[in-house]
Amino acid sequence: MKKLLAASLCLLLLLSGCMGGEKQTEPTPQPTAEPTTLSIAAPTPLSTFHSPLSTATPLPTAMPGLLAGRHIGIDPGHQSEPNRVEEPIAPDSEIMRNKASSGTAGASTGVREHELVLEVGLRLAELLRASDAEVMLTRQIAEVNLSGSLRAQMLGEAQVDLALTLHCAGADDTNARGAYAMVATRGSTGWHEESATAARAILAGYAAETGLPVFSRGVLQSADQTILNWCERPIVWMELGHLSNAEDEAFLADPDSVPRIAYALYLGIVAYFQSLRVG
């Protein structure tokens with residue numbers, strides 16, 4: 001417990017600094033608008049934790065009561081089969097996008113994005129509930145038919161305090177690696193500042209605890225991600241790493257990495273909500 005408190009404190013200090021072979025089955029959506037990067041400081045290892053996390057060291061457990069009263073939504077991105085019926089990418093938009101895709105896949109291992117992020121999401125939900133958060137998941141199985149706008153509607157109706165949509169990146173450039181986050185563009189929703197603050201905290205905590213680098217874009221504002229545009233609550237799109245990169249794929253496809261990925265996301269979420277208390 002003392003270690004978790006110390007880790008959370010370190011993450012808060014980090015956050016304060018931040019704020020001043022198989023090919024892809026479906027390509028990772030890329031912003032069509034010119035990207036705008038939000039400032040994020042390079043993550044540094046937590047002084048009281050091993051970093052990166054090693055499979056030889058047991059993970060600390062979640063702390064009861066730490067997230068009491070918080071309602072958190074988890075959206076494991078994609079699904080087992082694509083839905084190529086189109087929908088607007090935003091309210092009143094004439095730009096259309098397929099309702100759902102099955103995501104990308106690891107070039108070497110063949111690990112499927114939609115399966116990996118579901119495993120991570122379910123494990124993350126356990127950690128959050130252990131800290132007394134109320135948690136809703138948009139899906140708990142692969143065989144669903146959920147569009148981006150419907151997922152956003154589910155999160156809005158649940159009145160979550162924060163939503164996290166989980167993904168893995170795929171890129172033509174196999175040297176591109178690392179994690180990054182996306183939020184809706186400023187002015188497109190009423191929750192831009194809250195989403196951006198949460199994205200900084202979660203990305204910084206995730207990178208520090210997993211040892212994965214932050215992809216060069218860091219926290220990106222995106223104009224064309226359907227779930228971000230339609231969601232009426234604070235929401236962060238989290239890319240856990242690049243399945244198109246050999247190093248990232250080796251980490252992400254390792255079954256032992258799933259609880260560590262979930263724990264790193266958990267610490268970032270804790271840091272975000274603690275920052276609201278001290279702010």
# chains A, B, ... in the order shown; residues from 1 in each chain; ligands from 1
$ closest_atom_pairs --of "region 118-151 of chain A" --to "region 157-175 of chain A" --cutoff "9 Å" --atoms "only C-alpha atoms" --output "tab-separated table"
residue	atom	partner	partner_atom	distance
A:Leu118	CA	A:Leu166	CA	8.3
A:Val120	CA	A:Leu166	CA	8.4
A:Gly121	CA	A:Leu166	CA	7.4
A:Glu134	CA	A:Val160	CA	8.8
A:Val135	CA	A:Val160	CA	8.4
A:Met136	CA	A:Ala158	CA	7.7
$ closest_residue --among "A:Arg217, A:Arg277, A:Arg233, A:Arg129" --to "Leu67 (chain A)" --atoms "only C-alpha atoms"
A:Arg129
$ closest_residue --among "A:Ser93, A:Thr109, A:Thr104, A:Thr61" --to "Leu124 (chain A)" --atoms "only C-alpha atoms"
A:Thr61
$ residues_around --residues "region 193-195 of chain A" --least-positions-apart "5" --cutoff "9 Å" --atoms "only C-alpha atoms" --output "JSON, numbers by chain"
{"A": [162, 163, 182, 183, 184, 186, 200, 233, 234, 235, 236]}
$ closest_atom_pairs --of "region 153-267 of chain A" --to "region 85-91 of chain A" --cutoff "8 Å" --atoms "only C-alpha atoms" --output "tab-separated table"
residue	atom	partner	partner_atom	distance
A:Asp224	CA	A:Ile89	CA	6.0
A:Gln225	CA	A:Ile89	CA	6.5
A:Thr226	CA	A:Ile89	CA	4.4
A:Ile227	CA	A:Ile89	CA	8.0
A:Asn229	CA	A:Ala90	CA	5.2
A:Trp230	CA	A:Ala90	CA	5.7
